[in-house]
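Undergrad: Just so it is clear, I am handing over structure-v4.csv, which has CSV, C-alpha atoms.
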```csv
chain,number,residue,atom,x,y,z
Y,1,GLY,CA,0.0,0.0,0.0
Y,2,ASP,CA,0.9,3.7,0.0
Y,3,SER,CA,3.3,5.0,2.6
Y,4,VAL,CA,5.1,8.2,3.5
Y,5,THR,CA,8.4,8.3,5.3
Y,6,GLN,CA,9.6,11.6,7.0
Y,7,MET,CA,12.8,12.4,8.7
Y,8,GLU,CA,12.8,11.9,12.4
Y,9,GLY,CA,12.4,14.9,14.6
Y,10,PRO,CA,12.5,16.9,16.6
Y,11,VAL,CA,14.4,19.5,14.6
Y,12,THR,CA,15.7,22.6,16.4
Y,13,LEU,CA,17.0,25.6,14.5
Y,14,SER,CA,18.0,29.2,15.2
Y,15,GLU,CA,16.0,32.0,13.6
Y,16,GLU,CA,17.0,32.7,9.9
Y,17,ALA,CA,18.5,29.2,9.5
Y,18,PHE,CA,17.9,27.1,6.4
Y,19,LEU,CA,15.3,24.3,6.8
Y,20,THR,CA,15.0,21.0,5.1
Y,21,ILE,CA,12.6,18.3,6.1
Y,22,ASN,CA,13.0,15.1,4.1
Y,23,CYS,CA,10.0,13.2,2.8
Y,24,THR,CA,10.0,10.1,0.6
Y,25,TYR,CA,7.0,8.1,-0.6
Y,26,THR,CA,5.9,4.7,-1.9
Y,27,ALA,CA,2.7,4.7,-4.1
Y,28,THR,CA,1.4,3.1,-7.2
Y,29,GLY,CA,0.5,5.3,-10.1
Y,30,TYR,CA,0.9,9.1,-9.9
Y,31,PRO,CA,0.0,10.4,-6.4
Y,32,SER,CA,-0.6,14.0,-5.4
Y,33,LEU,CA,1.8,15.2,-2.7
Y,34,PHE,CA,1.1,17.6,0.2
Y,35,TRP,CA,2.7,19.3,3.2
Y,36,TYR,CA,0.4,20.0,6.1
Y,37,VAL,CA,1.3,22.1,9.1
Y,38,GLN,CA,0.0,21.8,12.7
Y,39,TYR,CA,0.5,24.7,15.0
Y,40,PRO,CA,0.3,24.1,18.7
Y,41,GLY,CA,-3.3,23.3,19.9
Y,42,GLU,CA,-4.7,23.5,16.4
Y,43,GLY,CA,-5.8,21.2,13.6
Y,44,LEU,CA,-3.7,20.6,10.4
Y,45,GLN,CA,-3.7,23.2,7.7
Y,46,LEU,CA,-2.6,22.7,4.1
Y,47,LEU,CA,0.8,24.3,3.5
Y,48,LEU,CA,1.5,23.4,-0.1
Y,49,LYS,CA,0.8,20.7,-2.7
Y,50,ALA,CA,2.1,19.4,-6.0
Y,51,THR,CA,0.0,17.2,-8.3
Y,52,LYS,CA,2.5,16.0,-10.9
Y,53,ALA,CA,6.2,15.3,-11.4
Y,54,ASP,CA,8.5,18.3,-11.4
Y,55,ASP,CA,5.8,20.6,-10.0
Y,56,LYS,CA,6.9,22.9,-7.3
Y,57,GLY,CA,4.5,23.8,-4.5
Y,58,SER,CA,5.2,27.0,-2.5
Y,59,ASN,CA,3.6,29.0,0.2
Y,60,LYS,CA,4.7,31.4,3.0
Y,61,GLY,CA,8.4,31.0,1.9
Y,62,PHE,CA,8.2,27.2,2.0
Y,63,GLU,CA,8.9,25.1,-1.1
Y,64,ALA,CA,8.8,21.5,-2.1
Y,65,THR,CA,9.4,19.9,-5.5
Y,66,TYR,CA,7.8,16.7,-6.7
Y,67,ARG,CA,10.7,14.4,-7.7
Y,68,LYS,CA,9.3,11.2,-9.3
Y,69,GLU,CA,12.8,9.8,-10.0
Y,70,THR,CA,13.7,9.8,-6.3
Y,71,THR,CA,10.1,9.5,-5.0
Y,72,SER,CA,10.7,12.5,-2.8
Y,73,PHE,CA,9.0,15.8,-1.8
Y,74,HIS,CA,11.4,17.5,0.6
Y,75,LEU,CA,10.2,20.7,2.3
Y,76,GLU,CA,12.6,23.7,2.4
Y,77,LYS,CA,12.6,27.2,3.6
Y,78,GLY,CA,15.5,29.6,3.3
Y,79,SER,CA,15.1,31.5,6.5
Y,80,VAL,CA,12.9,30.2,9.3
Y,81,GLN,CA,11.2,32.3,11.9
Y,82,VAL,CA,10.1,31.6,15.4
Y,83,SER,CA,6.5,31.6,14.1
Y,84,ASP,CA,7.3,28.5,11.9
Y,85,SER,CA,7.6,26.3,15.0
Y,86,ALA,CA,5.0,23.6,14.4
Y,87,VAL,CA,4.7,19.9,13.4
Y,88,TYR,CA,5.0,19.3,9.7
Y,89,PHE,CA,3.3,16.4,7.9
Y,90,CYS,CA,4.1,15.1,4.5
Y,91,ALA,CA,1.1,13.3,2.8
Y,92,LEU,CA,0.0,11.8,-0.4
Y,93,THR,CA,-3.2,10.9,-2.2
Y,94,GLY,CA,-2.8,7.7,-4.1
Y,95,SER,CA,-4.9,5.4,-6.2
Y,96,ALA,CA,-7.3,4.8,-3.3
Y,97,ARG,CA,-8.0,8.6,-3.2
Y,98,GLN,CA,-7.4,8.7,0.6
Y,99,LEU,CA,-4.8,10.8,2.3
Y,100,THR,CA,-1.8,8.9,3.7
Y,101,PHE,CA,0.3,10.8,6.2
Y,102,GLY,CA,3.8,10.6,7.4
Y,103,SER,CA,4.6,10.5,11.1
Y,104,GLY,CA,5.2,14.2,11.4
Y,105,THR,CA,8.3,16.3,12.2
Y,106,GLN,CA,8.4,18.7,15.1
Y,107,LEU,CA,10.2,21.9,14.3
Y,108,THR,CA,11.3,24.3,17.0
Y,109,VAL,CA,12.8,27.7,16.0
Y,110,LEU,CA,14.8,29.5,18.7
Y,111,PRO,CA,15.1,33.3,18.7
E,1,GLU,CA,-16.7,31.6,9.0
E,2,ALA,CA,-16.0,28.3,7.3
E,3,GLN,CA,-15.0,25.7,9.8
E,4,VAL,CA,-15.0,22.2,11.1
E,5,THR,CA,-16.2,22.1,14.7
E,6,GLN,CA,-15.4,19.2,17.0
E,7,ASN,CA,-16.7,18.7,20.6
E,8,PRO,CA,-15.6,18.2,23.2
E,9,ARG,CA,-12.0,19.5,23.0
E,10,TYR,CA,-10.9,17.3,26.0
E,11,LEU,CA,-12.5,14.2,27.3
E,12,ILE,CA,-11.6,11.8,30.1
E,13,THR,CA,-13.6,8.7,30.5
E,14,VAL,CA,-13.4,5.1,31.9
E,15,THR,CA,-13.1,1.8,30.1
E,16,GLY,CA,-16.4,0.6,28.7
E,17,LYS,CA,-18.4,3.9,29.0
E,18,LYS,CA,-19.9,4.7,25.7
E,19,LEU,CA,-19.0,8.1,24.3
E,20,THR,CA,-19.6,10.2,21.2
E,21,VAL,CA,-17.4,12.9,19.7
E,22,THR,CA,-19.3,15.3,17.5
E,23,CYS,CA,-18.1,16.8,14.2
E,24,SER,CA,-19.9,19.4,12.2
E,25,GLN,CA,-18.9,21.4,9.1
E,26,ASN,CA,-20.6,24.5,7.6
E,27,MET,CA,-19.1,24.3,4.1
E,28,ASN,CA,-21.6,21.9,2.5
E,29,HIS,CA,-18.7,19.4,2.0
E,30,GLU,CA,-19.5,16.0,0.7
E,31,TYR,CA,-16.5,14.2,2.1
E,32,MET,CA,-15.8,13.8,5.9
E,33,SER,CA,-13.2,11.8,7.7
E,34,TRP,CA,-11.9,10.9,11.2
E,35,TYR,CA,-8.3,10.4,12.1
E,36,ARG,CA,-6.4,9.6,15.2
E,37,GLN,CA,-3.0,11.0,15.9
E,38,ASP,CA,-0.4,9.1,18.0
E,39,PRO,CA,3.2,9.9,18.6
E,40,GLY,CA,5.5,8.5,16.0
E,41,LEU,CA,2.6,7.2,13.9
E,42,GLY,CA,1.3,10.4,12.4
E,43,LEU,CA,-2.4,10.5,11.5
E,44,ARG,CA,-4.2,7.3,10.7
E,45,GLN,CA,-7.7,7.2,9.2
E,46,ILE,CA,-10.5,5.6,11.2
E,47,TYR,CA,-13.5,6.0,9.0
E,48,TYR,CA,-14.6,8.3,6.1
E,49,SER,CA,-17.8,9.2,4.3
E,50,MET,CA,-18.1,10.2,0.7
E,51,ASN,CA,-21.7,11.5,1.2
E,52,VAL,CA,-24.8,11.1,3.3
E,53,GLU,CA,-25.5,7.5,4.3
E,54,VAL,CA,-22.1,6.4,2.7
E,55,THR,CA,-19.4,5.4,5.1
E,56,ASP,CA,-16.3,3.3,4.7
E,57,LYS,CA,-13.5,1.9,7.0
E,58,GLY,CA,-10.2,3.5,7.0
E,59,ASP,CA,-6.9,2.0,8.2
E,60,VAL,CA,-7.8,1.6,11.9
E,61,PRO,CA,-11.6,1.2,12.3
E,62,GLU,CA,-11.7,-1.4,15.1
E,63,GLY,CA,-13.6,-0.2,18.1
E,64,TYR,CA,-15.2,2.8,16.4
E,65,LYS,CA,-18.5,3.5,14.7
E,66,VAL,CA,-19.7,6.4,12.6
E,67,SER,CA,-22.9,7.7,11.0
E,68,ARG,CA,-23.7,10.2,8.3
E,69,LYS,CA,-27.4,11.0,8.5
E,70,GLU,CA,-26.9,14.6,7.5
E,71,LYS,CA,-24.4,16.2,5.3
E,72,ARG,CA,-23.0,18.5,7.9
E,73,ASN,CA,-22.5,16.0,10.8
E,74,PHE,CA,-20.2,13.0,11.2
E,75,PRO,CA,-20.1,11.8,14.8
E,76,LEU,CA,-17.5,9.3,16.0
E,77,ILE,CA,-18.9,6.7,18.5
E,78,LEU,CA,-16.9,4.5,20.8
E,79,GLU,CA,-19.3,1.9,22.1
E,80,SER,CA,-16.9,0.5,24.7
E,81,PRO,CA,-13.8,2.6,24.9
E,82,SER,CA,-10.5,0.9,25.9
E,83,PRO,CA,-7.2,2.5,27.1
E,84,ASN,CA,-5.6,1.9,23.7
E,85,GLN,CA,-8.1,4.4,22.2
E,86,THR,CA,-6.4,7.2,24.2
E,87,SER,CA,-5.4,9.5,21.5
E,88,LEU,CA,-5.9,12.9,19.8
E,89,TYR,CA,-8.7,12.7,17.3
E,90,PHE,CA,-9.3,15.0,14.3
E,91,CYS,CA,-12.3,15.4,12.1
E,92,ALA,CA,-11.7,16.7,8.5
E,93,SER,CA,-13.8,17.5,5.5
E,94,SER,CA,-13.4,18.5,1.9
E,95,LEU,CA,-15.8,19.5,-0.9
E,96,ILE,CA,-15.3,16.2,-2.6
E,97,ARG,CA,-12.7,13.5,-2.3
E,98,GLY,CA,-10.7,14.2,-5.4
E,99,PRO,CA,-6.9,13.6,-5.4
E,100,ASN,CA,-6.0,17.3,-5.1
E,101,GLU,CA,-8.7,18.5,-2.7
E,102,LYS,CA,-7.6,20.4,0.4
E,103,LEU,CA,-8.8,18.9,3.7
E,104,PHE,CA,-10.1,21.2,6.4
E,105,PHE,CA,-9.5,20.0,9.9
E,106,GLY,CA,-11.1,20.6,13.2
E,107,SER,CA,-9.1,21.6,16.3
E,108,GLY,CA,-9.0,18.1,17.7
E,109,THR,CA,-10.4,16.1,20.6
E,110,GLN,CA,-7.9,14.8,23.2
E,111,LEU,CA,-9.4,11.6,24.6
E,112,SER,CA,-8.1,9.8,27.7
E,113,VAL,CA,-9.6,6.4,28.6
E,114,LEU,CA,-8.7,5.2,32.1
```
Output the file's structure in the form of structure tokens.
TA:
Amino acid sequence: GDSVTQMEGPVTLSEEAFLTINCTYTATGYPSLFWYVQYPGEGLQLLLKATKADDKGSNKGFEATYRKETTSFHLEKGSVQVSDSAVYFCALTGSARQLTFGSGTQLTVLP
Amino acid sequence: EAQVTQNPRYLITVTGKKLTVTCSQNMNHEYMSWYRQDPGLGLRQIYYSMNVEVTDKGDVPEGYKVSRKEKRNFPLILESPSPNQTSLYFCASSLIRGPNEKLFFGSGTQLSVL
């Protein structure tokens, strides 16, 4: 079945540091890929998505590129802020049309 | 305001005492779903509903029931809760269940079963 593997957390960075959170996937066919973010005490919100190979999703300074050859969708941001502290989930919608989530990566940004 | 509303936000109960977690959306969404979130496991789908009176099992349905009698409501029922159902629960909805549709999530229900 479909699966998503994210890098283990927690990740702690200083403000203005570069962020990468790795995500790889296993799926049949051509899945759509997503990053969701969960701020403390809240539900998940869609951060960005990509629906086909080589698409780049971007939002709020975050970017991720759909790499079919490496089955990856790594999340990046050039300069993180304290307000980016949250849990980040990589997810995909595969042939079953249901969302499959990774285990989540906790990011803490220190001032 | 467009939203998914879950109640209660926190719930402590004892083994075997039936409980219901309510979920309501005001966006006329066809698709609704329940997830549980556990440390290291991410979100796992319990049940989902493609429309009124249409429900299907997700990845971890054992011990749960759902119903979809109205479009806006999708309650999660635990007939006989057990400690392994202690978790953070999220309800979510989307307009339809297409591959690119954005899911809207409620704020979560933290359940503790003693």
Undergrad: Please indicate the distance in Å from atom CA of E:Met27 to atom CA of E:Lys65, rounded to one decimal place.
TA: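 Value for the atom CA of E:Met27-atom CA of E:Lys65 distance: 23.4 Å.
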Undergrad: Can you list every residue of chain Y that has an atom at most 8 Å from chain E, with its nearest atom pair and the distance in Å to one decimal, using all atoms listed in the file, ordered by chain then number, as a tab-separated table?
TA:
```
residue	atom	partner	partner_atom	distance
Y:Pro31	CA	E:Pro99	CA	7.7
Y:Ser32	CA	E:Pro99	CA	6.3
Y:Gly41	CA	E:Ser107	CA	7.0
Y:Glu42	CA	E:Ser107	CA	4.8
Y:Gly43	CA	E:Ser107	CA	4.3
Y:Leu44	CA	E:Phe105	CA	5.9
Y:Gln45	CA	E:Phe104	CA	6.8
Y:Leu46	CA	E:Lys102	CA	6.6
Y:Lys49	CA	E:Asn100	CA	8.0
Y:Thr51	CA	E:Asn100	CA	6.8
Y:Phe89	CA	E:Gly42	CA	7.8
Y:Thr93	CA	E:Pro99	CA	5.6
Y:Gly94	CA	E:Pro99	CA	7.3
Y:Arg97	CA	E:Pro99	CA	5.6
Y:Gln98	CA	E:Arg97	CA	7.7
Y:Thr100	CA	E:Arg44	CA	7.6
Y:Phe101	CA	E:Leu43	CA	6.0
Y:Gly102	CA	E:Gly42	CA	5.6
Y:Ser103	CA	E:Gly42	CA	3.5
Y:Gly104	CA	E:Gly42	CA	5.5
```
Undergrad: To one decimal in Å, tell me the separation between atom CA of Y:Leu33 and atom CA of E:Thr55.
TA: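 Calculated distance between atom CA of Y:Leu33 and atom CA of E:Thr55 is 24.6 Å.
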Undergrad: Please report the interatomic distance between atom CA of Y:Glu8 and atom CA of Y:Ile21 in Å with one decimal.
TA: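 So the answer is 9.0 Å.
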Undergrad: Counting all atoms listed in the file, figure out which residue out of E:Ser87, E:Ser80, E:Asn51, E:Asn73 gets nearest to E:Gly16.
TA: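 Ranked by minimum distance to E:Gly16, first place goes to E:Ser80.
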Undergrad: Extract, using all atoms listed in the file, all DNA, RNA and protein residues at most 12 Å from Y:Phe73, discarding same-chain residues fewer than 3 positions from it, and format them as a PyMOL selection string.
TA: chain Y and resi 4-7+20-26+31-35+48-58+63-70+76+89-92+102
Undergrad: Kindly indicate which residue among E:Trp34, E:Tyr64, E:Tyr10, E:Phe74 lies nearest to Y:Leu99, using all atoms listed in the file for the distances.
TA: E:Trp34
Undergrad: Please determine, counting all atoms listed in the file, which residue among Y:Pro10, Y:Gly78, Y:Pro111, Y:Gly29 has the shortest atom-to-atom distance to Y:Lys60.
TA: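 Once distances to Y:Lys60 are computed over all atoms listed in the file, the minimum belongs to Y:Gly78.
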Undergrad: Near Y:Val109, within 10 Å and counting only C-alpha atoms, which residues show up once chain neighbours fewer than 2 positions away are dropped, as a PyMOL selection string?
TA: chain Y and resi 11-17+80-86+107+111
Undergrad: Would you mind exporting the chosen residues as a PDB file, in the frame of the given file, restricted to C-alpha atoms?
TA:
```
ATOM      1  CA  VAL Y  11      14.400  19.500  14.600  1.00  0.00           C
ATOM      2  CA  THR Y  12      15.700  22.600  16.400  1.00  0.00           C
ATOM      3  CA  LEU Y  13      17.000  25.600  14.500  1.00  0.00           C
ATOM      4  CA  SER Y  14      18.000  29.200  15.200  1.00  0.00           C
ATOM      5  CA  GLU Y  15      16.000  32.000  13.600  1.00  0.00           C
ATOM      6  CA  GLU Y  16      17.000  32.700   9.900  1.00  0.00           C
ATOM      7  CA  ALA Y  17      18.500  29.200   9.500  1.00  0.00           C
ATOM      8  CA  VAL Y  80      12.900  30.200   9.300  1.00  0.00           C
ATOM      9  CA  GLN Y  81      11.200  32.300  11.900  1.00  0.00           C
ATOM     10  CA  VAL Y  82      10.100  31.600  15.400  1.00  0.00           C
ATOM     11  CA  SER Y  83       6.500  31.600  14.100  1.00  0.00           C
ATOM     12  CA  ASP Y  84       7.300  28.500  11.900  1.00  0.00           C
ATOM     13  CA  SER Y  85       7.600  26.300  15.000  1.00  0.00           C
ATOM     14  CA  ALA Y  86       5.000  23.600  14.400  1.00  0.00           C
ATOM     15  CA  LEU Y 107      10.200  21.900  14.300  1.00  0.00           C
ATOM     16  CA  PRO Y 111      15.100  33.300  18.700  1.00  0.00           C
TER      17      PRO Y 111
END
```
Undergrad: Between Y:Gly61, Y:Thr71, Y:Tyr88, Y:Gly9, which one has atoms that come closest to Y:Tyr39, using only C-alpha atoms?
TA: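 Among Y:Gly61, Y:Thr71, Y:Tyr88, Y:Gly9, it is Y:Tyr88 that comes nearest to Y:Tyr39.
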Undergrad: Could you name the residues that touch E:His29 at 8 Å or less, counting only C-alpha atoms, but leaving out those on the same chain fewer than 3 positions away, as a list in words?
TA: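 Residues meeting the cut-off are Gln25, Asn26, Met32, Lys71, Arg72, Ser93, Ser94, Leu95 and Ile96 of chain E.
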Undergrad: Mind rebuilding stretch 20-31 of chain Y with all heavy atoms and writing that out as a compact mmCIF listing (two decimals), in the coordinates of the input?
TA:
```txt
# COMPACT_ATOMS: atom_id res chain seq x y z
N THR Y 20 15.41 22.07 5.97
CA THR Y 20 15.00 21.00 5.10
C THR Y 20 14.39 19.89 5.93
O THR Y 20 14.97 19.46 6.93
CB THR Y 20 16.22 20.37 4.33
OG1 THR Y 20 16.85 21.36 3.53
CG2 THR Y 20 15.76 19.22 3.43
N ILE Y 21 13.22 19.44 5.53
CA ILE Y 21 12.60 18.30 6.10
C ILE Y 21 12.38 17.26 5.00
O ILE Y 21 11.68 17.53 4.04
CB ILE Y 21 11.24 18.59 6.80
CG1 ILE Y 21 11.43 19.63 7.91
CG2 ILE Y 21 10.63 17.31 7.37
CD1 ILE Y 21 10.12 20.05 8.58
N ASN Y 22 13.03 16.12 5.14
CA ASN Y 22 13.00 15.10 4.10
C ASN Y 22 11.69 14.30 4.11
O ASN Y 22 11.17 13.97 5.18
CB ASN Y 22 14.16 14.16 4.19
CG ASN Y 22 15.47 14.83 3.84
OD1 ASN Y 22 15.51 15.83 3.14
ND2 ASN Y 22 16.57 14.29 4.34
N CYS Y 23 11.20 13.98 2.92
CA CYS Y 23 10.00 13.20 2.80
C CYS Y 23 10.16 12.29 1.54
O CYS Y 23 10.47 12.80 0.45
CB CYS Y 23 8.77 14.03 2.63
SG CYS Y 23 7.26 13.13 2.19
N THR Y 24 9.99 11.00 1.70
CA THR Y 24 10.00 10.10 0.60
C THR Y 24 8.67 9.28 0.62
O THR Y 24 8.07 9.14 1.69
CB THR Y 24 11.17 9.14 0.55
OG1 THR Y 24 11.19 8.41 1.77
CG2 THR Y 24 12.47 9.90 0.39
N TYR Y 25 8.28 8.75 -0.51
CA TYR Y 25 7.00 8.10 -0.60
C TYR Y 25 7.06 6.79 -1.37
O TYR Y 25 7.96 6.59 -2.20
CB TYR Y 25 5.91 9.00 -1.13
CG TYR Y 25 6.11 9.34 -2.58
CD1 TYR Y 25 5.57 8.54 -3.59
CD2 TYR Y 25 6.85 10.45 -2.96
CE1 TYR Y 25 5.76 8.84 -4.93
CE2 TYR Y 25 7.04 10.77 -4.30
CZ TYR Y 25 6.50 9.95 -5.27
OH TYR Y 25 6.70 10.25 -6.60
N THR Y 26 6.08 5.94 -1.13
CA THR Y 26 5.90 4.70 -1.90
C THR Y 26 4.39 4.74 -2.33
O THR Y 26 3.51 4.84 -1.46
CB THR Y 26 6.17 3.46 -1.13
OG1 THR Y 26 7.52 3.50 -0.68
CG2 THR Y 26 5.96 2.23 -2.00
N ALA Y 27 4.13 4.67 -3.62
CA ALA Y 27 2.70 4.70 -4.10
C ALA Y 27 2.70 4.11 -5.49
O ALA Y 27 3.66 4.23 -6.25
CB ALA Y 27 2.17 6.08 -4.06
N THR Y 28 1.58 3.50 -5.83
CA THR Y 28 1.40 3.10 -7.20
C THR Y 28 0.79 4.25 -7.99
O THR Y 28 0.13 5.12 -7.43
CB THR Y 28 0.42 1.89 -7.29
OG1 THR Y 28 -0.79 2.24 -6.61
CG2 THR Y 28 1.02 0.67 -6.62
N GLY Y 29 1.05 4.28 -9.27
CA GLY Y 29 0.50 5.30 -10.10
C GLY Y 29 1.16 6.66 -9.86
O GLY Y 29 2.36 6.75 -9.57
N TYR Y 30 0.37 7.71 -9.94
CA TYR Y 30 0.90 9.10 -9.90
C TYR Y 30 0.18 9.82 -8.74
O TYR Y 30 -0.82 10.50 -8.98
CB TYR Y 30 0.67 9.77 -11.21
CG TYR Y 30 1.33 9.02 -12.35
CD1 TYR Y 30 0.61 8.10 -13.11
CD2 TYR Y 30 2.68 9.21 -12.63
CE1 TYR Y 30 1.22 7.40 -14.12
CE2 TYR Y 30 3.29 8.52 -13.64
CZ TYR Y 30 2.56 7.60 -14.39
OH TYR Y 30 3.17 6.91 -15.39
N PRO Y 31 0.72 9.73 -7.53
CA PRO Y 31 0.00 10.40 -6.40
C PRO Y 31 0.17 11.90 -6.45
O PRO Y 31 1.06 12.44 -7.12
CB PRO Y 31 0.81 9.83 -5.19
CG PRO Y 31 2.19 9.55 -5.72
CD PRO Y 31 1.98 9.06 -7.14
```
